[in-house]
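Chemist: Quick one: the structure is below, questions incoming.
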Amino acid sequence: MRVLLISVNRERQPYPVAPLGLCYVAAALRAAHHEPRLLDLCFSDDIRADIEAAVRDFAPQAVGLGLRNLDNTSMVAPVSYLDDLKEPCRIVRELGVEHLFVGGSGFSLVPEAALEYCGCGLGIVGEGELAVPALCNRLGAGRPLEDLPGLVRQVDGGFIRTPAVQEPWPGLPRRPARDLIDGHRYLSQGGMANLQTKRGCTFQCVYCTYPLLEGRGMRLREVEDILDEIEELVEAQRADYLFFVDDVFTTPTDHAARICRGILDRRLKFAWTGFVNPRCADEALFELMRKAGCDGVEFGLDVASEAMLRRLGKGFTVAQILESSAACRRVAMPFAHYLLLGGPGETSQTIQETLEVMDRSGATAVFCAAGMRIYPGTDLHRIALEEGVVRPTDSLLMPTVYCAPELTDRLMATVHTHARQRDNWMIVGVHDAAMGEMLALAREYDLRGPLWNYLGQYRRRQRKMTRRRGSGQGAEPLADGGTAGPAGRGR
Ligand code: B12
């Protein structure tokens, strides 16, 4: 069956992100002897024209639309991406394509409501590698769909969902079909390629969707296979920066360490980054990661007060935050802490503690957001229902955020003042214009990797420019030589 997969994600903040999930689905379709094609709308200037051209040229029998992001999860400046799905749905239907279905991580969090919103009757919840080929087999043969796993379909004005299955790695495609996307464009405009070394999340953070999307059991890839994929990306496709998209790169620690040793043994030269957790990385691992080219790590802390860490089920302590931060500093590993204030139980006292721990951590950058997006099926959803923040009938399709009543404007003003006095702080939703400007500058000077590594430099440059504007002199580049990555790349 000819299957056109469309990635509807047009978000370019914090940078454009290659549609890795759809590339996996395409690879699985190929393996099942279907003929996939991928239309990536990220850089499209005219989505109608591009969809029309793709449908005309390829004449697909089925179209699968992939929704990665539901919204930007911001309480300050919420943006829903659902219309980026609705419009392509409408266009595809107008073009008379026989079968249309929707999937992707954003979609999987609120499938029925998303289908209703887009006026579409069929979707796949969760991973697409088994479900999409199975669906296409059935659609092609005109056979009934109801017993397919991970399927949500409209029946008699309502929706019926069958449970999704999560396949261990040997059953998943060895490679995502990256040949179907413009990887060079993501490298030049997004600054990196992406790659996955495992699926699953064993942590129990109350608000988080990762276990819902990937399951609680860990499914690891073979290290040699990961290294082969890295080698293909770095040597054949000239990717010089990779993002490991795993929920936490450093769990299990020995898996991460074996990947790093393999990178060193094979002398693969590239820089990379990923998410880490204070409980699952020590100085020895950070040092090994650094040697293997890691030029920065991101900690999803959310909070740094003991009471809130416990309340949010984070599974690590303030001592572990400080120890892993110190370990990063000792091995000269740049690191960013991500905060999410305003969860259940947050008070001025817990915020004060978090601010103090951030100062003591010596982080390269601190990103601070307020308000937690509520997703169906999470503990936070249960808490929000109990507290009457949402009603059982609320679909949670549009940005719906939990914010502790104690987190008043006055308290947020204190956080803003704290941030203003520190070069390494960014408040999400408040400093977004600065992020946009940094992104433009970074790409202009062909810098790679996440932007937070340049935050201090950017802020100093801004101050210099403000002073110069007074004296009539011009601007200068963002990277003044930068920190040479451990793999020897100038950044
Ligand atoms: C790594 C990551 C990032 C990295 C990406 C780095 C990079 N260069 O790739 C960074 C930090 C940059 C990032 C940024 C953002 N992210 Co993010 N990210 C992730 C994470 C952890 C993994 C994504 C990934 O690559 N997975 C691996 C691929 C293989 O899986 P997948 O995409 O889900 O695809 C599978 C299925 O979904 C399905 N599928 C996919 N497409 C399709 C299509 C069809 C038709 C079908 C049937 C099935 C299907 O099959 C695929 C294979 O199994 C997820 C959480 C998670 N565990 O999923 C969040 C997640 C995707 N991100 C999310 C969000 C919100 C964002 C941001 C908007 C946050 C922000 N405010 O800045 C930005 C948007 C960036 C952008 N330009 O789009 C949300 C999206 C849901 C939502 N709440 O809207 C998630 C789910 C986390 C969450 N909060 O719940 N992200």
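FYI, nothing fancy with the structure tokens labels: chains A, B, ... in order, residues from 1 per chain, ligands from 1 as they appear.
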What's the 10 Å shell around Val79 (chain A), counting only C-alpha atoms, without same-chain residues fewer than 4 positions away, as a list in words?

Modeler: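 My list of contacting residues is Leu70, Asp71, Asn72, Thr73, Ser74, Met75, Met398 and Pro399 of chain A.
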
Chemist: Convert the current residue selection to file output with C-alpha atoms, as a PDB file, in the first residue's frame.

Modeler:
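Output contents, as saved in selection12.pdb:
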ATOM      1  CA  LEU A  70      -0.018  19.047  21.541  1.00  0.00           C
ATOM      2  CA  ASP A  71       1.031  22.412  22.879  1.00  0.00           C
ATOM      3  CA  ASN A  72       4.082  24.201  24.227  1.00  0.00           C
ATOM      4  CA  THR A  73       3.104  23.335  27.837  1.00  0.00           C
ATOM      5  CA  SER A  74       3.523  26.998  28.823  1.00  0.00           C
ATOM      6  CA  MET A  75       1.263  28.636  31.388  1.00  0.00           C
ATOM      7  CA  MET A 398      -6.295  22.434  25.122  1.00  0.00           C
ATOM      8  CA  PRO A 399      -3.457  23.642  27.375  1.00  0.00           C
TER       9      PRO A 399
END

Chemist: Taking the chain letters and numbering used in this document, name the residues of region 2-153 of chain A that DSSP puts in strand (DSSP E), as number ranges by chain.

Modeler: A: 2-7, 35-40, 62-66, 99-103, 122-124, 151-153

Chemist: What gap, in Å, lies between CA of Val245 (chain A) and atom 79 (C, counted along the ligand's line) of ligand 1?

Modeler: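 We find that CA of Val245 (chain A) and atom 79 (C, counted along the ligand's line) of ligand 1 lie 11.8 Å from each other.
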
Chemist: Suppose you want the space between CA of Cys403 (chain A) and CA of Glu387 (chain A); what is it in Å?

Modeler: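 Atom-to-atom, CA of Cys403 (chain A) to CA of Glu387 (chain A), that is 11.4 Å.
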
Chemist: If DSSP is run on the backbone, what residues of region 14-160 of chain A are alpha helix (DSSP H)? A reply as a count of residues only would be ideal.

Modeler: 64

Chemist: Tell me, as a list in words, which residues lie within 10 Å of Pro376 (chain A), counting only C-alpha atoms; anything in the same chain fewer than 4 positions away does not count.

Modeler: Leu109, Val110, Tyr207, Thr209, Leu212, Leu380, His381, Arg382, Pro392, Asp394, Ser395, Leu396 and Leu397 of chain A

Chemist: Write out, as a short mmCIF file (atom, residue, chain, number, x, y, z; two decimals), in the first residue's frame, the residues just selected, with C-alpha atoms.

Modeler:
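Resulting contents of selection_23.cif:
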data_model
loop_
_atom_site.label_atom_id
_atom_site.label_comp_id
_atom_site.auth_asym_id
_atom_site.auth_seq_id
_atom_site.Cartn_x
_atom_site.Cartn_y
_atom_site.Cartn_z
CA LEU A 109 -2.01 11.76 25.16
CA VAL A 110 -5.57 12.80 24.26
CA TYR A 207 2.81 14.80 36.18
CA THR A 209 3.76 11.42 30.35
CA LEU A 212 2.48 6.57 29.43
CA LEU A 380 -1.35 14.98 38.67
CA HIS A 381 -4.64 14.51 36.86
CA ARG A 382 -5.98 12.58 39.86
CA PRO A 392 -14.02 14.64 35.07
CA ASP A 394 -12.66 18.12 30.88
CA SER A 395 -10.89 16.60 27.88
CA LEU A 396 -7.54 18.31 28.64
CA LEU A 397 -7.11 18.74 24.89
#

Chemist: List as a list in words the protein and nucleic acid residues near region 31-39 of chain A, meaning an atom at most 9 Å away when only C-alpha atoms are counted, but skip any in the same chain fewer than 4 places from it.

Modeler: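 The residues satisfying every condition are Met1, Arg2, Val3, Leu4, Leu5, Ile6, Ser7, Val8, Leu22, Cys23, Val25, Ala26, Ala27, Asp50, Ile51, Ala54, Phe58, Pro60, Pro133, Ala134, Cys136, Asn137, Pro173, Leu180 and Ile181 of chain A.
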
Chemist: Measuring atom to atom with only C-alpha atoms and all ligand atoms, identify which of A:Phe367, A:Phe203, A:Phe159, A:Tyr210 is nearest to ligand 1.

Modeler: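 Closest candidate: A:Tyr210.
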
Chemist: Excluding Gln166 (chain A) and residues on its chain fewer than 6 positions from it, collect all residues at most 10 Å away from it, counting only C-alpha atoms, and give them as a ChimeraX atom specification.

Modeler: /A:126-130,149-150,172,199-200,213-215,217,219

Chemist: What is the distance, in Å and to one decimal place, between CA of Glu94 (chain A) and CA of Arg143 (chain A)?

Modeler: 24.6 Å

Chemist: Looking at A:Arg330, A:Arg290, A:Arg310, A:Arg90, which one is nearest to Ala257 (chain A), with distances taken over only C-alpha atoms?

Modeler: A:Arg290

Chemist: Using only C-alpha atoms, pick whichever of A:Gln204, A:Arg329, A:Asp240, A:Ser348 has the shortest atom-to-atom distance to Arg311 (chain A).

Modeler: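 Among the listed residues, A:Gln204 lies closest to Arg311 (chain A).
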
Chemist: Report as a PyMOL selection string all protein, DNA and RNA residues lying within 6 Å of Ala336 (chain A), evaluated on only C-alpha atoms, omitting residues in the same chain fewer than 6 positions from it.

Modeler: chain A and resi 298+363-366

Chemist: Keeping only N, CA and C atoms, take the residues you just selected and write them out as an mmCIF file, in the first residue's frame.

Modeler:
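Saved as selection06.cif:
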data_model
loop_
_atom_site.group_PDB
_atom_site.id
_atom_site.type_symbol
_atom_site.label_atom_id
_atom_site.label_comp_id
_atom_site.auth_asym_id
_atom_site.auth_seq_id
_atom_site.Cartn_x
_atom_site.Cartn_y
_atom_site.Cartn_z
ATOM 1 N N GLU A 298 21.346 17.863 30.335
ATOM 2 C CA GLU A 298 20.167 18.568 30.836
ATOM 3 C C GLU A 298 19.530 17.742 31.953
ATOM 4 N N ALA A 363 24.995 25.852 38.072
ATOM 5 C CA ALA A 363 24.595 25.375 36.738
ATOM 6 C C ALA A 363 25.003 26.367 35.649
ATOM 7 N N THR A 364 25.318 25.836 34.484
ATOM 8 C CA THR A 364 25.617 26.679 33.327
ATOM 9 C C THR A 364 24.372 27.488 32.961
ATOM 10 N N ALA A 365 23.218 26.831 33.044
ATOM 11 C CA ALA A 365 21.955 27.519 32.737
ATOM 12 C C ALA A 365 20.843 26.937 33.594
ATOM 13 N N VAL A 366 19.880 27.785 33.935
ATOM 14 C CA VAL A 366 18.686 27.332 34.650
ATOM 15 C C VAL A 366 17.471 27.804 33.839
#

Chemist: Which residues are close to Asp359 (chain A), i.e. within 12 Å by only C-alpha atoms, leaving aside same-chain residues fewer than 5 positions away? Reply as a ChimeraX atom specification.

Modeler: /A:304,321-322,325,337,352-354,364-366,418-419,421-425

Chemist: Using only C-alpha atoms, which of the listed residues (A:Phe286, A:Tyr375, A:Trp169, A:Tyr458) sits closest to Val331 (chain A)?

Modeler: A:Phe286

Chemist: For ligand 1, which residue among A:Ile47, A:Val248, A:Ile226, A:Ala384 is the nearest when counting only C-alpha atoms and all ligand atoms?

Modeler: A:Val248
